[in-house]
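Participant: The following file, entry_17.txt, comprises compact mmCIF, C-alpha atoms and all ligand atoms:
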```txt
# COMPACT_ATOMS: atom_id res chain seq x y z
CA MET A 66 -11.69 -24.30 -1.21
CA ALA A 67 -13.73 -27.47 -1.91
CA ALA A 68 -17.15 -27.43 -0.26
CA PRO A 69 -16.79 -29.13 3.13
CA GLN A 70 -18.75 -32.28 3.88
CA ILE A 71 -21.67 -31.34 6.10
CA PRO A 72 -23.20 -34.22 8.04
CA LYS A 73 -26.96 -34.56 8.40
CA THR A 74 -26.85 -34.73 12.19
CA MET A 75 -24.68 -33.28 14.96
CA LYS A 76 -24.16 -33.47 18.71
CA ALA A 77 -25.86 -30.73 20.74
CA CYS A 78 -26.99 -29.93 24.30
CA VAL A 79 -30.76 -29.44 24.25
CA PHE A 80 -33.39 -28.70 26.89
CA ASP A 81 -37.17 -28.89 26.48
CA LYS A 82 -38.23 -26.79 29.45
CA ASN A 83 -36.66 -24.23 31.77
CA GLY A 84 -34.75 -25.98 34.53
CA GLY A 85 -35.38 -29.36 32.88
CA PRO A 86 -32.76 -31.94 31.89
CA ILE A 87 -30.03 -30.79 29.50
CA VAL A 88 -29.65 -33.69 27.08
CA TYR A 89 -26.50 -34.25 25.00
CA LYS A 90 -27.84 -35.86 21.85
CA GLU A 91 -27.84 -36.20 18.09
CA VAL A 92 -30.03 -33.60 16.31
CA PRO A 93 -30.33 -32.42 12.67
CA VAL A 94 -27.73 -29.92 11.43
CA PRO A 95 -29.59 -26.61 10.83
CA LYS A 96 -29.97 -25.27 7.28
CA PRO A 97 -28.86 -21.66 6.77
CA LYS A 98 -31.57 -19.25 5.58
CA SER A 99 -30.77 -17.02 2.59
CA ASN A 100 -29.13 -14.37 4.85
CA GLU A 101 -27.29 -16.81 7.12
CA LEU A 102 -23.95 -18.55 7.54
CA LEU A 103 -23.69 -22.14 8.69
CA ILE A 104 -20.76 -22.23 11.13
CA HIS A 105 -18.97 -25.40 12.19
CA VAL A 106 -18.55 -24.52 15.87
CA LEU A 107 -15.33 -25.92 17.36
CA TYR A 108 -15.33 -24.16 20.73
CA THR A 109 -17.97 -22.31 22.69
CA GLY A 110 -17.67 -20.35 25.91
CA VAL A 111 -20.27 -20.76 28.67
CA CYS A 112 -21.66 -17.40 29.79
CA HIS A 113 -23.74 -16.93 32.94
CA THR A 114 -26.48 -15.72 30.56
CA ASP A 115 -26.76 -19.34 29.35
CA LEU A 116 -27.48 -20.38 32.92
CA HIS A 117 -30.12 -17.63 33.28
CA ALA A 118 -31.68 -18.83 29.97
CA TRP A 119 -31.86 -22.43 31.14
CA LYS A 120 -33.34 -21.43 34.51
CA GLY A 121 -35.82 -19.01 32.91
CA ASP A 122 -34.66 -16.12 35.11
CA TRP A 123 -35.73 -13.23 32.92
CA PRO A 124 -39.06 -11.72 31.76
CA LEU A 125 -38.28 -12.69 28.15
CA PRO A 126 -39.22 -16.25 27.15
CA VAL A 127 -36.69 -18.54 25.46
CA LYS A 128 -37.56 -20.66 22.42
CA LEU A 129 -38.20 -24.29 23.36
CA PRO A 130 -36.70 -26.75 22.87
CA LEU A 131 -33.46 -24.74 22.98
CA ILE A 132 -29.81 -25.20 22.14
CA GLY A 133 -28.10 -22.51 24.24
CA GLY A 134 -24.71 -20.87 23.77
CA HIS A 135 -23.55 -17.57 22.27
CA GLU A 136 -19.74 -17.57 22.41
CA GLY A 137 -19.23 -19.95 19.49
CA ALA A 138 -16.00 -19.86 17.48
CA GLY A 139 -15.71 -21.85 14.28
CA VAL A 140 -15.44 -22.05 10.51
CA VAL A 141 -17.94 -21.08 7.80
CA VAL A 142 -19.01 -24.26 5.96
CA ALA A 143 -22.08 -23.05 4.01
CA MET A 144 -24.09 -19.89 3.41
CA GLY A 145 -27.40 -18.67 2.03
CA SER A 146 -27.83 -17.23 -1.45
CA GLU A 147 -27.92 -13.58 -0.35
CA VAL A 148 -24.75 -13.63 1.77
CA LYS A 149 -22.02 -11.26 0.65
CA ASN A 150 -18.43 -10.77 1.83
CA TRP A 151 -17.95 -14.18 3.45
CA LYS A 152 -16.36 -17.27 2.01
CA ILE A 153 -16.21 -20.96 2.92
CA GLY A 154 -13.32 -21.52 5.34
CA ASP A 155 -13.50 -18.08 7.00
CA PHE A 156 -13.32 -18.08 10.80
CA ALA A 157 -16.54 -16.70 12.29
CA GLY A 158 -18.10 -16.15 15.69
CA ILE A 159 -21.62 -16.65 17.03
CA LYS A 160 -22.55 -13.68 19.25
CA TRP A 161 -25.51 -13.03 21.55
CA LEU A 162 -27.03 -10.75 18.91
CA ASN A 163 -27.61 -13.24 16.12
CA GLY A 164 -29.41 -10.74 13.91
CA SER A 165 -31.56 -7.61 13.96
CA CYS A 166 -33.87 -5.76 11.55
CA MET A 167 -31.17 -3.21 10.54
CA SER A 168 -33.85 -0.62 9.71
CA CYS A 169 -35.50 0.51 12.99
CA GLU A 170 -34.47 3.73 14.76
CA PHE A 171 -32.05 1.78 17.02
CA CYS A 172 -30.41 -0.25 14.25
CA MET A 173 -30.06 2.94 12.20
CA GLN A 174 -27.87 4.47 14.90
CA GLY A 175 -25.76 1.35 15.45
CA ALA A 176 -27.58 0.25 18.59
CA GLU A 177 -28.57 -3.10 17.09
CA PRO A 178 -28.72 -4.93 20.45
CA ASN A 179 -31.61 -2.61 21.38
CA CYS A 180 -33.59 -3.56 18.24
CA PRO A 181 -37.13 -4.71 19.20
CA MET A 182 -36.74 -7.51 16.62
CA ALA A 183 -33.35 -8.66 17.95
CA ASP A 184 -32.81 -12.40 17.46
CA LEU A 185 -30.64 -13.83 20.25
CA SER A 186 -28.27 -16.79 19.92
CA GLY A 187 -28.91 -19.47 22.52
CA TYR A 188 -32.15 -17.75 23.52
CA THR A 189 -34.57 -17.06 20.65
CA HIS A 190 -32.33 -18.78 18.05
CA ASP A 191 -30.54 -22.10 18.56
CA GLY A 192 -26.99 -21.34 19.66
CA SER A 193 -23.47 -22.70 19.89
CA PHE A 194 -23.79 -25.62 22.33
CA ALA A 195 -23.71 -27.72 19.19
CA GLN A 196 -21.32 -28.71 16.41
CA TYR A 197 -23.08 -26.47 13.87
CA ALA A 198 -25.04 -23.24 14.26
CA THR A 199 -26.48 -20.54 12.01
CA ALA A 200 -25.87 -16.79 12.26
CA ASP A 201 -27.07 -13.78 10.31
CA ALA A 202 -24.09 -12.95 8.07
CA VAL A 203 -24.40 -9.23 8.90
CA GLN A 204 -23.90 -9.80 12.65
CA ALA A 205 -21.57 -12.82 12.74
CA ALA A 206 -18.17 -11.84 14.16
CA ARG A 207 -15.19 -11.83 11.83
CA ILE A 208 -12.27 -13.67 13.37
CA ARG A 209 -8.78 -13.55 11.87
CA GLN A 210 -7.58 -16.81 10.33
CA THR A 211 -4.52 -16.90 12.61
CA THR A 212 -6.62 -16.90 15.78
CA LYS A 213 -6.85 -19.82 18.22
CA LEU A 214 -10.57 -20.60 18.35
CA ASP A 215 -10.60 -21.81 21.97
CA GLU A 216 -8.93 -18.61 23.21
CA VAL A 217 -11.16 -16.25 21.22
CA ALA A 218 -14.51 -17.83 22.18
CA PRO A 219 -14.98 -15.86 25.46
CA ILE A 220 -14.26 -12.57 23.68
CA LEU A 221 -17.43 -13.02 21.58
CA CYS A 222 -19.73 -12.19 24.51
CA ALA A 223 -17.70 -11.54 27.69
CA GLY A 224 -15.00 -9.51 25.94
CA VAL A 225 -17.32 -7.45 23.76
CA THR A 226 -19.68 -6.77 26.68
CA VAL A 227 -17.09 -5.51 29.14
CA TYR A 228 -15.26 -3.52 26.48
CA LYS A 229 -18.54 -1.76 25.64
CA ALA A 230 -19.35 -1.29 29.34
CA LEU A 231 -15.98 0.41 29.88
CA LYS A 232 -16.66 2.70 26.91
CA THR A 233 -20.07 3.43 28.46
CA ALA A 234 -18.37 4.37 31.77
CA ASP A 235 -16.47 7.02 29.80
CA LEU A 236 -13.45 7.22 32.13
CA ARG A 237 -10.03 8.81 31.62
CA PRO A 238 -6.64 7.11 31.92
CA GLY A 239 -5.45 7.23 35.53
CA GLN A 240 -8.95 7.09 37.00
CA TRP A 241 -10.17 4.26 39.22
CA VAL A 242 -12.68 1.67 38.03
CA ALA A 243 -14.19 -0.91 40.36
CA ILE A 244 -15.10 -4.25 38.78
CA SER A 245 -17.69 -6.02 40.92
CA GLY A 246 -17.70 -9.75 40.05
CA ALA A 247 -14.10 -9.45 38.82
CA GLY A 248 -13.13 -13.13 39.09
CA GLY A 249 -15.81 -14.46 36.73
CA GLY A 250 -15.94 -14.69 32.94
CA LEU A 251 -16.82 -11.05 32.25
CA GLY A 252 -14.88 -9.65 35.21
CA SER A 253 -11.57 -11.32 34.42
CA LEU A 254 -11.64 -9.73 30.97
CA ALA A 255 -12.90 -6.39 32.30
CA ILE A 256 -9.79 -6.07 34.48
CA GLN A 257 -7.56 -6.41 31.42
CA TYR A 258 -9.54 -4.15 29.07
CA ALA A 259 -9.57 -1.53 31.83
CA ARG A 260 -5.80 -1.79 32.27
CA ALA A 261 -5.29 -1.58 28.50
CA MET A 262 -7.33 1.66 28.58
CA GLY A 263 -5.01 3.09 31.24
CA LEU A 264 -7.40 2.75 34.18
CA ARG A 265 -6.58 1.73 37.76
CA VAL A 266 -8.54 -1.36 38.79
CA LEU A 267 -10.11 -2.30 42.09
CA ALA A 268 -11.54 -5.82 41.89
CA ILE A 269 -14.35 -7.17 44.07
CA ASP A 270 -15.13 -10.89 44.32
CA GLY A 271 -14.90 -13.70 46.87
CA GLY A 272 -12.16 -16.14 47.89
CA ASP A 273 -8.38 -16.39 47.77
CA ASP A 274 -8.26 -18.04 44.34
CA LYS A 275 -10.22 -15.17 42.83
CA ALA A 276 -8.03 -12.66 44.70
CA LYS A 277 -4.92 -14.17 43.12
CA LEU A 278 -6.50 -14.34 39.67
CA CYS A 279 -7.59 -10.69 39.81
CA THR A 280 -4.25 -9.35 41.03
CA ASP A 281 -2.34 -11.52 38.52
CA LEU A 282 -4.50 -9.99 35.76
CA GLY A 283 -3.67 -6.44 36.85
CA ALA A 284 -6.01 -5.33 39.65
CA GLU A 285 -4.15 -3.07 42.12
CA VAL A 286 -6.57 -3.78 44.93
CA PHE A 287 -8.83 -6.75 45.73
CA VAL A 288 -11.78 -6.48 48.11
CA ASP A 289 -13.21 -9.83 49.22
CA PHE A 290 -16.98 -9.55 49.62
CA THR A 291 -17.02 -12.72 51.71
CA LYS A 292 -14.53 -11.28 54.23
CA SER A 293 -14.96 -7.48 54.24
CA LYS A 294 -16.94 -6.16 57.21
CA ASP A 295 -17.79 -2.93 55.35
CA ILE A 296 -17.36 -3.10 51.58
CA ILE A 297 -18.33 0.53 51.03
CA LYS A 298 -15.75 1.80 53.53
CA ASP A 299 -13.03 -0.51 52.16
CA VAL A 300 -13.63 0.49 48.53
CA VAL A 301 -13.75 4.22 49.32
CA ALA A 302 -10.55 4.00 51.41
CA ALA A 303 -8.61 2.01 48.78
CA THR A 304 -9.48 4.47 46.01
CA ASN A 305 -9.04 7.65 48.03
CA GLY A 306 -12.69 8.73 47.81
CA GLY A 307 -14.35 6.05 45.68
CA PRO A 308 -13.87 4.77 42.12
CA HIS A 309 -14.72 7.11 39.23
CA GLY A 310 -16.65 4.28 37.62
CA VAL A 311 -18.05 0.84 38.48
CA ILE A 312 -18.65 -2.09 36.13
CA ASN A 313 -21.23 -4.37 37.76
CA VAL A 314 -20.73 -7.89 36.42
CA SER A 315 -21.67 -9.79 39.57
CA VAL A 316 -24.90 -11.75 39.78
CA SER A 317 -25.83 -10.05 43.06
CA GLU A 318 -28.57 -7.48 43.54
CA ARG A 319 -26.98 -6.34 46.79
CA ALA A 320 -23.58 -5.77 45.17
CA ILE A 321 -25.21 -3.66 42.45
CA SER A 322 -26.98 -1.40 44.95
CA GLN A 323 -23.80 -1.09 47.05
CA SER A 324 -21.95 0.28 44.03
CA THR A 325 -24.17 3.39 44.06
CA GLU A 326 -22.90 4.05 47.59
CA TYR A 327 -19.16 3.69 47.09
CA VAL A 328 -18.87 5.34 43.65
CA ARG A 329 -17.12 8.73 43.74
CA ALA A 330 -19.07 11.98 43.28
CA LEU A 331 -19.71 12.56 39.54
CA GLY A 332 -19.00 8.85 39.04
CA LYS A 333 -20.65 6.39 36.69
CA VAL A 334 -22.27 3.12 37.73
CA VAL A 335 -22.61 0.73 34.79
CA LEU A 336 -25.11 -2.14 35.08
CA VAL A 337 -24.21 -5.32 33.18
CA GLY A 338 -24.94 -8.37 35.38
CA LEU A 339 -28.58 -9.50 35.28
CA PRO A 340 -29.55 -11.31 38.50
CA ALA A 341 -33.12 -12.67 38.33
CA GLY A 342 -35.70 -10.06 39.32
CA ALA A 343 -33.05 -7.61 40.56
CA VAL A 344 -33.76 -3.95 41.29
CA CYS A 345 -30.96 -1.40 41.60
CA LYS A 346 -31.65 0.62 44.75
CA SER A 347 -30.03 4.03 44.72
CA ALA A 348 -30.79 6.49 47.53
CA VAL A 349 -32.06 9.64 45.83
CA PHE A 350 -30.25 11.96 48.27
CA ASN A 351 -26.92 10.21 47.59
CA GLN A 352 -27.49 10.16 43.84
CA VAL A 353 -28.39 13.85 43.67
CA VAL A 354 -25.78 15.23 46.04
CA LYS A 355 -23.01 13.13 44.48
CA SER A 356 -24.50 13.68 40.99
CA ILE A 357 -23.80 10.09 39.96
CA GLU A 358 -25.00 8.45 36.75
CA ILE A 359 -26.43 4.92 36.52
CA LYS A 360 -26.28 3.46 33.02
CA GLY A 361 -27.22 0.09 31.52
CA SER A 362 -24.90 -1.54 29.00
CA TYR A 363 -25.99 -4.41 26.76
CA VAL A 364 -23.39 -6.42 24.78
CA GLY A 365 -22.01 -4.32 21.91
CA ASN A 366 -22.59 -3.55 18.23
CA ARG A 367 -20.51 -4.66 15.24
CA GLU A 368 -17.97 -1.89 15.76
CA ASP A 369 -17.56 -2.73 19.47
CA THR A 370 -17.10 -6.39 18.46
CA ALA A 371 -14.36 -5.57 15.96
CA GLU A 372 -12.62 -3.30 18.48
CA ALA A 373 -12.84 -5.82 21.33
CA LEU A 374 -11.45 -8.53 19.04
CA ASP A 375 -8.63 -6.19 18.00
CA PHE A 376 -7.50 -5.77 21.65
CA PHE A 377 -7.48 -9.59 21.86
CA GLU A 378 -5.62 -10.09 18.57
CA ARG A 379 -2.95 -7.62 19.73
CA GLY A 380 -2.38 -9.71 22.86
CA LEU A 381 -3.70 -7.10 25.31
CA VAL A 382 -6.36 -9.36 26.84
CA HIS A 383 -6.79 -13.10 27.28
CA SER A 384 -9.55 -15.02 28.97
CA PRO A 385 -8.36 -17.36 31.73
CA PHE A 386 -10.21 -20.51 30.67
CA LYS A 387 -10.47 -24.24 31.16
CA VAL A 388 -11.65 -26.61 28.43
CA ALA A 389 -14.32 -29.29 28.96
CA PRO A 390 -16.20 -31.51 26.51
CA LEU A 391 -19.55 -30.18 25.25
CA SER A 392 -21.35 -33.04 27.05
CA LYS A 393 -20.19 -31.59 30.41
CA LEU A 394 -22.36 -28.46 30.15
CA PRO A 395 -24.55 -29.47 33.14
CA ASP A 396 -21.43 -29.77 35.36
CA VAL A 397 -20.22 -26.35 34.21
CA PHE A 398 -23.64 -24.83 35.06
CA LYS A 399 -23.44 -26.40 38.52
CA GLN A 400 -20.02 -24.89 39.22
CA MET A 401 -21.14 -21.56 37.82
CA ALA A 402 -24.22 -21.45 40.06
CA GLU A 403 -21.93 -22.04 43.05
CA GLY A 404 -19.63 -19.16 41.95
CA LYS A 405 -16.69 -21.57 41.69
CA ILE A 406 -15.43 -20.86 38.18
CA LEU A 407 -12.24 -18.82 37.82
CA GLY A 408 -12.67 -16.97 34.52
CA ARG A 409 -14.46 -19.04 31.86
CA TYR A 410 -15.20 -22.58 30.76
CA VAL A 411 -14.86 -23.23 27.04
CA LEU A 412 -16.53 -26.36 25.65
CA ASP A 413 -14.86 -28.46 22.97
CA THR A 414 -17.59 -29.61 20.58
CA THR A 415 -15.48 -32.38 19.02
CA ASN A 416 -15.83 -34.67 22.01
O1 LIG A 501 -24.89 -7.40 27.89
C1 LIG A 501 -24.94 -7.66 29.07
N1 LIG A 501 -25.40 -6.79 29.96
C2 LIG A 501 -24.43 -8.98 29.54
C3 LIG A 501 -23.63 -9.77 28.69
C4 LIG A 501 -23.12 -10.96 29.18
C5 LIG A 501 -23.43 -11.38 30.48
C6 LIG A 501 -24.73 -9.42 30.82
N2 LIG A 501 -24.23 -10.60 31.25
C7 LIG A 501 -24.55 -10.98 32.62
C8 LIG A 501 -24.81 -12.45 32.86
O2 LIG A 501 -26.11 -12.80 32.45
C9 LIG A 501 -24.60 -12.51 34.37
O3 LIG A 501 -25.76 -12.03 35.05
O4 LIG A 501 -23.43 -10.68 33.42
C10 LIG A 501 -23.45 -11.52 34.59
C11 LIG A 501 -22.09 -12.14 34.79
O5 LIG A 501 -21.79 -13.07 33.78
P1 LIG A 501 -20.46 -14.00 33.88
O6 LIG A 501 -19.26 -13.18 34.04
O7 LIG A 501 -20.56 -14.96 32.75
O8 LIG A 501 -20.76 -14.76 35.28
P2 LIG A 501 -19.73 -15.55 36.24
O9 LIG A 501 -18.58 -16.07 35.46
O10 LIG A 501 -20.56 -16.51 37.01
O11 LIG A 501 -19.18 -14.41 37.20
C12 LIG A 501 -19.94 -13.79 38.21
C13 LIG A 501 -18.99 -13.41 39.34
O12 LIG A 501 -19.72 -12.61 40.29
C14 LIG A 501 -19.20 -12.94 41.56
C15 LIG A 501 -19.00 -14.46 41.49
O13 LIG A 501 -18.12 -14.92 42.51
C16 LIG A 501 -18.43 -14.62 40.08
O14 LIG A 501 -17.00 -14.60 40.07
N3 LIG A 501 -20.06 -12.43 42.62
C17 LIG A 501 -21.27 -12.86 43.09
I1 LIG A 501 -22.38 -14.30 42.32
N4 LIG A 501 -21.72 -12.13 44.12
C18 LIG A 501 -20.80 -11.15 44.27
C19 LIG A 501 -20.73 -10.04 45.16
N5 LIG A 501 -21.66 -9.82 46.09
C20 LIG A 501 -19.77 -11.32 43.32
N6 LIG A 501 -18.74 -10.47 43.23
C21 LIG A 501 -18.74 -9.41 44.09
N7 LIG A 501 -19.69 -9.19 45.03
ZN ZN A 502 -22.98 -13.83 27.31
ZN ZN A 503 -33.83 -2.92 14.38
```
Please express the file's structure as structure tokens.
Ligand code: 8ID
Ligand code: ZN
Ligand code: ZN
Facilitator:
Amino acid sequence: MAAPQIPKTMKACVFDKNGGPIVYKEVPVPKPKSNELLIHVLYTGVCHTDLHAWKGDWPLPVKLPLIGGHEGAGVVVAMGSEVKNWKIGDFAGIKWLNGSCMSCEFCMQGAEPNCPMADLSGYTHDGSFAQYATADAVQAARIRQTTKLDEVAPILCAGVTVYKALKTADLRPGQWVAISGAGGGLGSLAIQYARAMGLRVLAIDGGDDKAKLCTDLGAEVFVDFTKSKDIIKDVVAATNGGPHGVINVSVSERAISQSTEYVRALGKVVLVGLPAGAVCKSAVFNQVVKSIEIKGSYVGNREDTAEALDFFERGLVHSPFKVAPLSKLPDVFKQMAEGKILGRYVLDTTN
């Protein structure tokens, strides 16, 4: 393939300080380092993590100024001199984990997201809210050439993360899993991965639109946190003693702590959602007598990524998404903060 024309500048959404204006403007196209791909991003999902990054919610500082975004799907247009096994024209994905050291004790065991040197797309490394972005060639996601890039974008963070969280819950087919925050970007995919793994799904979120979305996607039961008078009682009753596992993808500290109360004895509570400053409160008596496990789960490694993409490529999961132009990122953040988005927004970088 002839080398593609790479412009000198591109459109991107940039902010200079946490909570400050997000400006859609022309900026230089980044140059790939020797180990990096330059990816022409065509679509990028908007994850709630991007909203946390903009607000400065977490005890880890972002680079400033920052181009956010870490669900970028596009085409390889250039690469550094040391890159192997990629070629111009390949479809590639920008993930949260842009790159890691690959030699520490965590990288050595395939836990690259836990690397102390982890470089994070849209956080410590400019991300995919732009027409071009760079990614370490070792970590960039490989996307099949037949894939629709708008549909695959949310798999690159939301899909991988919930797939890994379900593996972390270590449940058996036929068991119940509760997905708390089921109508959002991660939750709507979690329902489908769980079903594909043979699990029974109880979904928790708020509002009739989210109830319909969750049941359409395969949840057997929906509990509305805005209407239920006693969530713990309702969840335990619907699952005949409590779910065997819980995937917490809500952005609610209270919902996370509640999950330790309704989970079944010997059950597993998986923490994924990262509300600002949240603490998971678990009553020691309850945790001991029910012998429950509370586990954190953080995106996924290269193998999890390939597996999560394979479920998608085989048609087992699809993200319910709406498309908006890249320039509309501030509007998407506003709707997200109000909990109004059903599934995901995917931004089109071409307009
Ligand atoms: O690797 C990780 N651990 C990881 C990866 C990706 C994202 C963690 N995250 C984190 C994000 O940073 C965010 O904190 O997961 C969380 C969810 O991300 P998202 O799915 O992208 O957010 P969303 O689309 O806004 O969905 C959140 C849903 O939670 C519901 C909302 O209605 C929304 O549908 N929700 C809320 I807020 N309060 C709830 C409650 N009390 C609730 N659902 C049930 N009970
Ligand atoms: Zn994300
Ligand atoms: Zn490392």
Participant: From the list A:Ile406, A:Ala261, A:Ser356, A:Asn366, which residue is nearest Cys172 (chain A) when using all atoms listed in the file?
Facilitator: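 Using all atoms listed in the file, the shortest distance to Cys172 (chain A) belongs to A:Asn366.
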Participant: Record the distance separating CA of Gly361 (chain A) and CA of Gly121 (chain A), expressed in Å with one decimal.
Facilitator: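 Taking CA of Gly361 (chain A) as the start and CA of Gly121 (chain A) as the end point, the length is 21.0 Å.
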Participant: Determine, using only C-alpha atoms and all ligand atoms, which residues of chain A have any atom at most 6 Å from an atom of ligand LIG 501 (chain A), and tabulate each with its shortest atom pair and distance in Å to one decimal place, rows ordered by chain and then rising number, as JSON lines.
Facilitator:
```
{"residue": "A:Cys112", "atom": "CA", "partner": "A:LIG501", "partner_atom": "O7", "distance": 4.0}
{"residue": "A:His113", "atom": "CA", "partner": "A:LIG501", "partner_atom": "O7", "distance": 3.7}
{"residue": "A:Thr114", "atom": "CA", "partner": "A:LIG501", "partner_atom": "O2", "distance": 3.5}
{"residue": "A:Cys222", "atom": "CA", "partner": "A:LIG501", "partner_atom": "C4", "distance": 5.9}
{"residue": "A:Ala223", "atom": "CA", "partner": "A:LIG501", "partner_atom": "C4", "distance": 5.7}
{"residue": "A:Thr226", "atom": "CA", "partner": "A:LIG501", "partner_atom": "C3", "distance": 5.4}
{"residue": "A:Ser245", "atom": "CA", "partner": "A:LIG501", "partner_atom": "C21", "distance": 4.8}
{"residue": "A:Gly246", "atom": "CA", "partner": "A:LIG501", "partner_atom": "N6", "distance": 3.4}
{"residue": "A:Gly248", "atom": "CA", "partner": "A:LIG501", "partner_atom": "O14", "distance": 4.3}
{"residue": "A:Gly249", "atom": "CA", "partner": "A:LIG501", "partner_atom": "O11", "distance": 3.4}
{"residue": "A:Gly250", "atom": "CA", "partner": "A:LIG501", "partner_atom": "O6", "distance": 3.8}
{"residue": "A:Leu251", "atom": "CA", "partner": "A:LIG501", "partner_atom": "O6", "distance": 3.7}
{"residue": "A:Gly252", "atom": "CA", "partner": "A:LIG501", "partner_atom": "O6", "distance": 5.7}
{"residue": "A:Ile269", "atom": "CA", "partner": "A:LIG501", "partner_atom": "C21", "distance": 4.9}
{"residue": "A:Asp270", "atom": "CA", "partner": "A:LIG501", "partner_atom": "N6", "distance": 3.8}
{"residue": "A:Gly271", "atom": "CA", "partner": "A:LIG501", "partner_atom": "O13", "distance": 5.6}
{"residue": "A:Phe290", "atom": "CA", "partner": "A:LIG501", "partner_atom": "N7", "distance": 5.3}
{"residue": "A:Val314", "atom": "CA", "partner": "A:LIG501", "partner_atom": "C11", "distance": 4.8}
{"residue": "A:Ser315", "atom": "CA", "partner": "A:LIG501", "partner_atom": "O12", "distance": 3.5}
{"residue": "A:Val316", "atom": "CA", "partner": "A:LIG501", "partner_atom": "I1", "distance": 4.4}
{"residue": "A:Ser317", "atom": "CA", "partner": "A:LIG501", "partner_atom": "N4", "distance": 4.7}
{"residue": "A:Ala320", "atom": "CA", "partner": "A:LIG501", "partner_atom": "N5", "distance": 4.6}
{"residue": "A:Val337", "atom": "CA", "partner": "A:LIG501", "partner_atom": "N1", "distance": 3.7}
{"residue": "A:Gly338", "atom": "CA", "partner": "A:LIG501", "partner_atom": "O4", "distance": 3.4}
{"residue": "A:Leu339", "atom": "CA", "partner": "A:LIG501", "partner_atom": "O3", "distance": 3.8}
{"residue": "A:Pro340", "atom": "CA", "partner": "A:LIG501", "partner_atom": "O3", "distance": 5.2}
{"residue": "A:Ser362", "atom": "CA", "partner": "A:LIG501", "partner_atom": "N1", "distance": 5.4}
{"residue": "A:Tyr363", "atom": "CA", "partner": "A:LIG501", "partner_atom": "O1", "distance": 3.4}
{"residue": "A:Val364", "atom": "CA", "partner": "A:LIG501", "partner_atom": "O1", "distance": 3.6}
{"residue": "A:Met401", "atom": "CA", "partner": "A:LIG501", "partner_atom": "O10", "distance": 5.1}
{"residue": "A:Gly404", "atom": "CA", "partner": "A:LIG501", "partner_atom": "O13", "distance": 4.5}
```
Participant: Please, what distance in Å, to one decimal, runs between CA of Asn416 (chain A) and CA of Tyr108 (chain A)?
Facilitator: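 Between CA of Asn416 (chain A) and CA of Tyr108 (chain A) the gap is 10.6 Å.
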Participant: Would you name the residues within 12 Å of ligand ZN 503 (chain A), counting all atoms listed in the file, and put them as a PDB file with C-alpha atoms, in the coordinates of the input?
Facilitator:
```pdb
ATOM      1  CA  LEU A 162     -27.030 -10.750  18.910  1.00  0.00           C
ATOM      2  CA  GLY A 164     -29.410 -10.740  13.910  1.00  0.00           C
ATOM      3  CA  SER A 165     -31.560  -7.610  13.960  1.00  0.00           C
ATOM      4  CA  CYS A 166     -33.870  -5.760  11.550  1.00  0.00           C
ATOM      5  CA  MET A 167     -31.170  -3.210  10.540  1.00  0.00           C
ATOM      6  CA  SER A 168     -33.850  -0.620   9.710  1.00  0.00           C
ATOM      7  CA  CYS A 169     -35.500   0.510  12.990  1.00  0.00           C
ATOM      8  CA  GLU A 170     -34.470   3.730  14.760  1.00  0.00           C
ATOM      9  CA  PHE A 171     -32.050   1.780  17.020  1.00  0.00           C
ATOM     10  CA  CYS A 172     -30.410  -0.250  14.250  1.00  0.00           C
ATOM     11  CA  MET A 173     -30.060   2.940  12.200  1.00  0.00           C
ATOM     12  CA  GLN A 174     -27.870   4.470  14.900  1.00  0.00           C
ATOM     13  CA  GLY A 175     -25.760   1.350  15.450  1.00  0.00           C
ATOM     14  CA  ALA A 176     -27.580   0.250  18.590  1.00  0.00           C
ATOM     15  CA  GLU A 177     -28.570  -3.100  17.090  1.00  0.00           C
ATOM     16  CA  PRO A 178     -28.720  -4.930  20.450  1.00  0.00           C
ATOM     17  CA  ASN A 179     -31.610  -2.610  21.380  1.00  0.00           C
ATOM     18  CA  CYS A 180     -33.590  -3.560  18.240  1.00  0.00           C
ATOM     19  CA  PRO A 181     -37.130  -4.710  19.200  1.00  0.00           C
ATOM     20  CA  MET A 182     -36.740  -7.510  16.620  1.00  0.00           C
ATOM     21  CA  ALA A 183     -33.350  -8.660  17.950  1.00  0.00           C
ATOM     22  CA  ASP A 184     -32.810 -12.400  17.460  1.00  0.00           C
ATOM     23  CA  ASN A 366     -22.590  -3.550  18.230  1.00  0.00           C
TER      24      ASN A 366
END
```
Participant: Have a look at CA of Leu267 (chain A) and CA of Ile244 (chain A) and let me know their distance in Å, one decimal.
Facilitator: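 So the answer is 6.3 Å.
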